[in-house]
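One structure is given below, encoded as structure tokens.
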Amino acid sequence: MPHLDELNPAQREAVRAPAPLLIIAGAGSGKTKTLAHRVAHLVLEGADPKRMLLVTFTRRAAHEMTVRAQRIVAQSSKQPGASQPTLRSAQGPITWSGTFHAVANRLLRLHALEIGLDPAFTVLDRSDATDLLDLERHRLGFSKLDRRFPKKSTCLSIYSRVVNAQKPLDEILKEAFPWCGDWTAELRALFGAYVEAKQRHHVLDYDDLLLYWSHLMADDGLAARVRSRFDHVLVDEYQDTNALQATILYRLKPDGAGLTVVGDDAQSIYAFRAAEVRNILDFPQRFSPPATVVTLEQNYRSTQPILDAANAVIGLAKERFTKNLFSNRVSREKPFLVTAEDEQAQVDYVVERVLEAREAGVPLKQQAVLFRAAHHSDALEVELARRNIPFVKYGGLKFLEAAHVKDTLCILRFCENLRDQVASFRMLQLLPGVGPAVAQRVALYLEASGFDARALPGFHPPASAQADWPALCALVGELREERTDWQGQLGRVRKWYQPHLERIYGHAMLRAQDLEQLEQIAAHFPSRERFLSELTLDPPQATGDQAGPPLLDEDFLILSTIHSAKGQEWDAVFVLNAADGNLPSDMATATPAQIEEERRLFYVALTRARNSLHVIHPQRFYLHHQQRRGDLHVYAPRTRFIPDSLLDRFQRVSHALGAPADAPAHGAGVRLDVAARLRSMW
């Protein structure tokens, strides 16, 4: 089989192994390549691509996987004497691929009437769901209590956690939101009202997509119809799934026939999104006989000394699939464990080494500074700006969170579903003089007319909006007409919106560029519904408002939280604040499970580096405005994830502010110095 020649032995085993199958893919082990080859191999063995379901965590990953598999099949079919099918043969391409939420959206529209849904439902993004829940929060009077009720975003986070973790509200409050424990009854009432509001407006939020899919699969008859669509189901990044997603998967393939999941338990770091590491740890035993497990250990990213350190760190985990990453990339350079005098010395070390690497030919874009929390890079950002070193920080404003993008999409959403009150409120308040009270009157007027868009011109808006009202009514009427082609609708919306954009926001030209990008994206979708749903479920990341690549610089340093860095790699990586209280975070050490996730997070940071790794431990942190004592330097011990037994995996370096970056380490001297400082503090 020529298509398997480029794979290593473990990868070939993973491609050919029987299902149910768990592929434990270590960091940098060629996971995407292996999964694409398995898809292609199934097709070459006679599987129908139209009866395959490929589930990934981004639409782009699904597209990349499908294209790769297509290429592999095409190349294999060109071999002498080959007569194999291709992904685009008479059987057709893979048509079922995407994220869990995107697949749920498609299935729910197919079976909407059978589970009590309107097929024309619209999907709320996170901020719109928060706004709708907040409307109910106000209506129930919870925003005016004499005691502080949880914020709207916290309420939605609690609701989301209950749905995705499939646990009772009491349990979720106790384990994740203990400060909200006194509001159990009020939260139950709020969530009940929120669900009713969504049903009334024919909208679903992000979590509802999975919840309704789960309910669909709980009905034996409907579940059988869904199962009959798919012979093979392949799931990527399985370590990031939550309890609800696992439930759906087991109902989809109860005996495991045709089921393949791929992931790495050592990179399960999203418990705050209700991801459950036990999903992957327990997967083999969910079936009888147990699922086949194939482990990919050959790493194609990092040098062996970096892998030695990462293996040692994760080797202390309490429970895991045993694997030891190895590489053919030899090097004499161990990762650096840098003891910095304080935070400013840490910044000094990073900047010096970054510039030194750049002079040695490593572009800034191939260097990254990683940290546990976004504020950990504050001092570094100030110094980079002072030295005129361009940088990009990941974790800024997302595309759909930009106000002008939301305005535009809400117009389309309202035209798709006139009951979508969140969309109508936002759209109407674009008009001068229209506030929530007028928007509410319009909503009641529409409801009284049976949600007939033709009735809109009969509403009498305030005088300030009368000049703009006819154009808005005409736009809605035109976009609601079935004969109006989808292609070009966004252009009509942009034309109507442009004067309002210029009136409401600054930097209108930059914002208009985002809307041009939005129109280009829309051209790739066959319908308004598909565009709105899939953009909400898997949005682009960049906006004109986001702190993105500097316009006049072709090179820039990468700053990123560790969570945002997962899946990425750079030639040189600097890990900040490797001190207890920061890594692990002092907010994530209440339970052994939290500490184990923090260990995995540290492991993810280490395995992002290709050639050079620097782990920096500032000995002191400066706490401002402490009661009674004023400003205070606090000693921070080295992260517990590098105990003394692992120190031989690192090259130890000391760095004081202004000292040479390659000053030799003096372990005993550092410890004596710390002891002296501790005595002087008290």
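All residue names refer to the structure tokens as shown: chains lettered A, B, ... in order, residues numbered from 1 in each chain, ligands numbered from 1 in order.
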Which stretch 165-225 of chain A residues have any atom within 10 Å of an atom of stretch 133-145 of chain A, and for each, what is the nearest pair of atoms with distance in Å to one decimal, counting only C-alpha atoms, rows sorted by chain and number, as a Markdown table?
```
| residue | atom | partner | partner_atom | distance |
| --- | --- | --- | --- | --- |
| A:Glu186 | CA | A:Phe142 | CA | 8.0 |
| A:Leu187 | CA | A:Arg137 | CA | 9.3 |
| A:Ala189 | CA | A:Leu140 | CA | 8.5 |
| A:Leu190 | CA | A:Arg137 | CA | 6.4 |
| A:Phe191 | CA | A:Leu133 | CA | 8.0 |
| A:Gly192 | CA | A:Glu136 | CA | 9.7 |
| A:Ala193 | CA | A:Glu136 | CA | 6.5 |
| A:Tyr194 | CA | A:Leu133 | CA | 5.6 |
| A:Val195 | CA | A:Leu133 | CA | 8.9 |
| A:Glu196 | CA | A:Glu136 | CA | 9.8 |
| A:Ala197 | CA | A:Glu136 | CA | 7.9 |
| A:Lys198 | CA | A:Leu133 | CA | 9.2 |
```
Produce a file of the selected residues containing N, CA and C atoms, as a compact mmCIF listing (two decimals), in the first residue's frame.
```
# COMPACT_ATOMS: atom_id res chain seq x y z
N GLU A 186 -32.79 31.21 42.92
CA GLU A 186 -32.93 32.29 41.95
C GLU A 186 -32.34 31.90 40.60
N LEU A 187 -31.20 31.20 40.61
CA LEU A 187 -30.59 30.78 39.35
C LEU A 187 -31.47 29.77 38.62
N ALA A 189 -34.71 29.67 38.73
CA ALA A 189 -35.79 30.46 38.14
C ALA A 189 -35.31 31.21 36.90
N LEU A 190 -34.09 31.76 36.99
CA LEU A 190 -33.53 32.50 35.86
C LEU A 190 -33.30 31.59 34.66
N PHE A 191 -32.75 30.42 34.88
CA PHE A 191 -32.47 29.51 33.77
C PHE A 191 -33.77 29.00 33.15
N GLY A 192 -34.79 28.78 33.98
CA GLY A 192 -36.08 28.38 33.43
C GLY A 192 -36.67 29.46 32.54
N ALA A 193 -36.57 30.71 32.99
CA ALA A 193 -37.08 31.83 32.19
C ALA A 193 -36.27 32.01 30.91
N TYR A 194 -34.96 31.80 31.00
CA TYR A 194 -34.08 31.92 29.84
C TYR A 194 -34.43 30.87 28.77
N VAL A 195 -34.68 29.64 29.21
CA VAL A 195 -35.07 28.58 28.27
C VAL A 195 -36.39 28.93 27.59
N GLU A 196 -37.34 29.42 28.37
CA GLU A 196 -38.64 29.80 27.80
C GLU A 196 -38.49 30.93 26.80
N ALA A 197 -37.62 31.88 27.11
CA ALA A 197 -37.40 33.01 26.19
C ALA A 197 -36.81 32.53 24.87
N LYS A 198 -35.87 31.61 24.93
CA LYS A 198 -35.28 31.08 23.70
C LYS A 198 -36.33 30.35 22.86
```
(message) Applying 7 Å and only C-alpha atoms, which residues near stretch 415-420 of chain A remain after dropping the ones on its own chain fewer than 4 positions away? List them as a ChimeraX atom specification.
(response) /A:120-122,201-203,411,424,451,476,479-480
(message) Quick one: residues within 7 Å of A:Asn242, only C-alpha atoms, excluding same-chain residues fewer than 6 positions away - as a ChimeraX atom specification?
(response) /A:164-165,274-276
Would you mind exporting the chosen residues as an mmCIF file, in the first residue's frame, restricted to C-alpha atoms?
```cif
data_model
loop_
_atom_site.group_PDB
_atom_site.id
_atom_site.type_symbol
_atom_site.label_atom_id
_atom_site.label_comp_id
_atom_site.auth_asym_id
_atom_site.auth_seq_id
_atom_site.Cartn_x
_atom_site.Cartn_y
_atom_site.Cartn_z
ATOM 1 C CA ASN A 164 -22.077 20.542 29.138
ATOM 2 C CA ALA A 165 -20.921 18.761 32.289
ATOM 3 C CA ALA A 274 -16.295 21.595 31.025
ATOM 4 C CA ALA A 275 -13.856 19.388 29.087
ATOM 5 C CA GLU A 276 -13.510 16.051 30.895
#
```
(request) Counting only C-alpha atoms, figure out which residue out of A:Gln267, A:Gln487, A:Thr99, A:Gln568 gets nearest to A:Tyr603. (result) A:Gln267
(message) Applying 9 Å and only C-alpha atoms, which residues near stretch 361-374 of chain A remain after dropping the ones on its own chain fewer than 3 positions away? List them as a PyMOL selection string.
(response) chain A and resi 350+354-358+377-378+390-391+393+395+555-563+565+569-578+582-585+601-602+605+609
Would you output that residue set with N, CA, C and O atoms, as a short mmCIF file (atom, residue, chain, number, x, y, z; two decimals), in the first residue's frame?
```
data_model
loop_
_atom_site.label_atom_id
_atom_site.label_comp_id
_atom_site.auth_asym_id
_atom_site.auth_seq_id
_atom_site.Cartn_x
_atom_site.Cartn_y
_atom_site.Cartn_z
N VAL A 350 14.24 38.02 29.04
CA VAL A 350 13.49 37.65 27.83
C VAL A 350 13.85 38.57 26.68
O VAL A 350 14.13 38.11 25.56
N VAL A 354 15.60 37.36 23.24
CA VAL A 354 14.83 37.50 22.01
C VAL A 354 15.64 38.26 20.96
O VAL A 354 15.74 37.83 19.79
N LEU A 355 16.25 39.37 21.36
CA LEU A 355 17.05 40.16 20.42
C LEU A 355 18.30 39.39 19.99
O LEU A 355 18.72 39.45 18.83
N GLU A 356 18.89 38.65 20.93
CA GLU A 356 20.07 37.84 20.62
C GLU A 356 19.73 36.77 19.58
O GLU A 356 20.48 36.55 18.62
N ALA A 357 18.58 36.12 19.75
CA ALA A 357 18.16 35.09 18.79
C ALA A 357 17.87 35.71 17.43
O ALA A 357 18.17 35.11 16.39
N ARG A 358 17.26 36.89 17.45
CA ARG A 358 16.96 37.57 16.17
C ARG A 358 18.25 37.87 15.41
O ARG A 358 18.32 37.68 14.19
N SER A 377 1.94 39.22 31.23
CA SER A 377 2.85 39.84 30.25
C SER A 377 2.84 41.36 30.33
O SER A 377 3.47 42.01 29.50
N ASP A 378 2.16 41.94 31.31
CA ASP A 378 2.02 43.41 31.37
C ASP A 378 3.38 44.11 31.35
O ASP A 378 3.61 45.03 30.55
N PRO A 390 8.14 45.15 17.92
CA PRO A 390 6.73 44.86 17.61
C PRO A 390 6.32 43.49 18.14
O PRO A 390 7.12 42.55 18.17
N PHE A 391 5.06 43.38 18.56
CA PHE A 391 4.57 42.10 19.07
C PHE A 391 3.08 41.98 18.81
O PHE A 391 2.38 42.97 18.59
N LYS A 393 -0.27 39.99 20.62
CA LYS A 393 -0.73 39.23 21.79
C LYS A 393 -2.02 38.51 21.43
O LYS A 393 -2.99 39.12 21.01
N GLY A 395 -5.44 36.40 22.10
CA GLY A 395 -6.48 36.40 23.11
C GLY A 395 -7.22 37.72 23.17
O GLY A 395 -7.82 38.05 24.17
N ASP A 555 7.77 41.60 10.77
CA ASP A 555 8.18 40.64 11.78
C ASP A 555 7.71 41.12 13.15
O ASP A 555 7.72 42.33 13.42
N PHE A 556 7.29 40.21 13.99
CA PHE A 556 6.78 40.59 15.31
C PHE A 556 6.85 39.40 16.25
O PHE A 556 6.68 38.25 15.84
N LEU A 557 7.09 39.70 17.51
CA LEU A 557 7.17 38.68 18.55
C LEU A 557 5.77 38.20 18.92
O LEU A 557 4.81 38.97 18.90
N ILE A 558 5.65 36.93 19.26
CA ILE A 558 4.36 36.36 19.66
C ILE A 558 4.27 36.33 21.18
O ILE A 558 5.14 35.77 21.85
N LEU A 559 3.21 36.91 21.73
CA LEU A 559 2.87 36.77 23.15
C LEU A 559 1.56 36.01 23.20
O LEU A 559 0.62 36.30 22.47
N SER A 560 1.46 35.02 24.09
CA SER A 560 0.25 34.20 24.10
C SER A 560 0.06 33.54 25.46
O SER A 560 1.02 33.13 26.11
N THR A 561 -1.20 33.41 25.87
CA THR A 561 -1.49 32.53 26.99
C THR A 561 -1.19 31.09 26.54
O THR A 561 -1.22 30.78 25.34
N ILE A 562 -0.94 30.23 27.49
CA ILE A 562 -0.64 28.83 27.14
C ILE A 562 -1.86 28.18 26.50
O ILE A 562 -1.74 27.41 25.54
N HIS A 563 -3.05 28.50 27.01
CA HIS A 563 -4.26 27.93 26.42
C HIS A 563 -4.38 28.28 24.94
O HIS A 563 -4.74 27.44 24.11
N ALA A 565 -1.97 28.92 22.98
CA ALA A 565 -0.82 28.41 22.22
C ALA A 565 -0.96 26.95 21.84
O ALA A 565 -0.17 26.44 21.04
N GLU A 569 3.55 26.00 17.38
CA GLU A 569 4.96 25.68 17.65
C GLU A 569 5.83 26.82 17.17
O GLU A 569 5.49 27.54 16.23
N TRP A 570 6.98 27.01 17.86
CA TRP A 570 7.92 28.07 17.52
C TRP A 570 9.34 27.56 17.72
O TRP A 570 9.57 26.61 18.49
N ASP A 571 10.31 28.20 17.06
CA ASP A 571 11.71 27.81 17.23
C ASP A 571 12.18 28.04 18.67
O ASP A 571 12.88 27.20 19.24
N ALA A 572 11.81 29.18 19.24
CA ALA A 572 12.23 29.51 20.61
C ALA A 572 11.00 29.86 21.43
O ALA A 572 10.13 30.62 20.97
N VAL A 573 10.91 29.31 22.63
CA VAL A 573 9.77 29.56 23.52
C VAL A 573 10.28 29.98 24.89
O VAL A 573 11.22 29.37 25.44
N PHE A 574 9.66 31.03 25.44
CA PHE A 574 9.96 31.51 26.79
C PHE A 574 8.69 31.34 27.63
O PHE A 574 7.63 31.85 27.26
N VAL A 575 8.81 30.63 28.74
CA VAL A 575 7.66 30.42 29.62
C VAL A 575 7.85 31.30 30.85
O VAL A 575 8.81 31.11 31.62
N LEU A 576 6.97 32.26 31.04
CA LEU A 576 7.08 33.22 32.15
C LEU A 576 6.52 32.65 33.45
O LEU A 576 5.66 31.77 33.46
N ASN A 577 7.02 33.19 34.55
CA ASN A 577 6.43 33.01 35.89
C ASN A 577 6.25 31.54 36.28
O ASN A 577 5.17 31.13 36.72
N ALA A 578 7.32 30.76 36.12
CA ALA A 578 7.26 29.35 36.53
C ALA A 578 7.45 29.26 38.04
O ALA A 578 8.42 28.70 38.55
N ASN A 582 1.55 31.10 40.30
CA ASN A 582 1.36 31.51 38.91
C ASN A 582 1.21 30.29 38.01
O ASN A 582 0.33 30.23 37.16
N LEU A 583 2.09 29.31 38.20
CA LEU A 583 2.04 28.07 37.44
C LEU A 583 2.46 26.96 38.40
O LEU A 583 3.65 26.76 38.59
N PRO A 584 1.56 26.28 39.09
CA PRO A 584 0.11 26.37 38.91
C PRO A 584 -0.45 27.68 39.46
O PRO A 584 0.10 28.27 40.38
N SER A 585 -1.58 28.08 38.87
CA SER A 585 -2.27 29.27 39.35
C SER A 585 -2.80 29.02 40.75
O SER A 585 -3.28 27.92 41.07
N LEU A 601 -1.04 21.68 31.60
CA LEU A 601 -0.89 22.99 30.96
C LEU A 601 0.60 23.35 30.83
O LEU A 601 1.04 23.85 29.78
N PHE A 602 1.36 23.09 31.87
CA PHE A 602 2.80 23.34 31.82
C PHE A 602 3.46 22.47 30.75
O PHE A 602 4.32 22.93 29.99
N ALA A 605 2.97 23.92 27.38
CA ALA A 605 3.89 25.04 27.14
C ALA A 605 5.27 24.53 26.72
O ALA A 605 5.88 25.04 25.76
N ALA A 609 8.04 24.21 21.94
CA ALA A 609 9.37 24.65 21.48
C ALA A 609 10.01 23.65 20.54
O ALA A 609 10.01 22.45 20.81
#
```
(message) Among stretch 1-31 of chain A, which residues does DSSP mark as strand (DSSP E) when it is run on the backbone? Keep the chain and numbering as in the structure and answer as a PyMOL selection string.
(response) chain A and resi 21-25
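Atom to atom, atom CA of A:Tyr505 and atom CA of A:His404 stand 8.2 Å apart.
Closest to A:Ile616 among A:Ser268, A:Ser533, A:Gln651, A:Ser160 is A:Gln651, based on only C-alpha atoms.
Taking atom CA of A:Gly26 and atom CA of A:Arg599 as endpoints, the distance between them is 15.5 Å.
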(request) Between atom CA of A:Leu7 and atom CA of A:Arg329, measure the distance and give it in Å to one decimal. (result) 17.4 Å
(request) List the neighbours of stretch 513-528 of chain A out to 10 Å using only C-alpha atoms; skip same-chain residues closer than 4 positions along the sequence, and give me the result as a VMD selection string. (result) chain A and resid 399 402 404 to 405 408 to 409 412 to 413 415 to 416 479 485 to 491 493 to 494 498 508 to 509 532 to 535 540 542 to 545
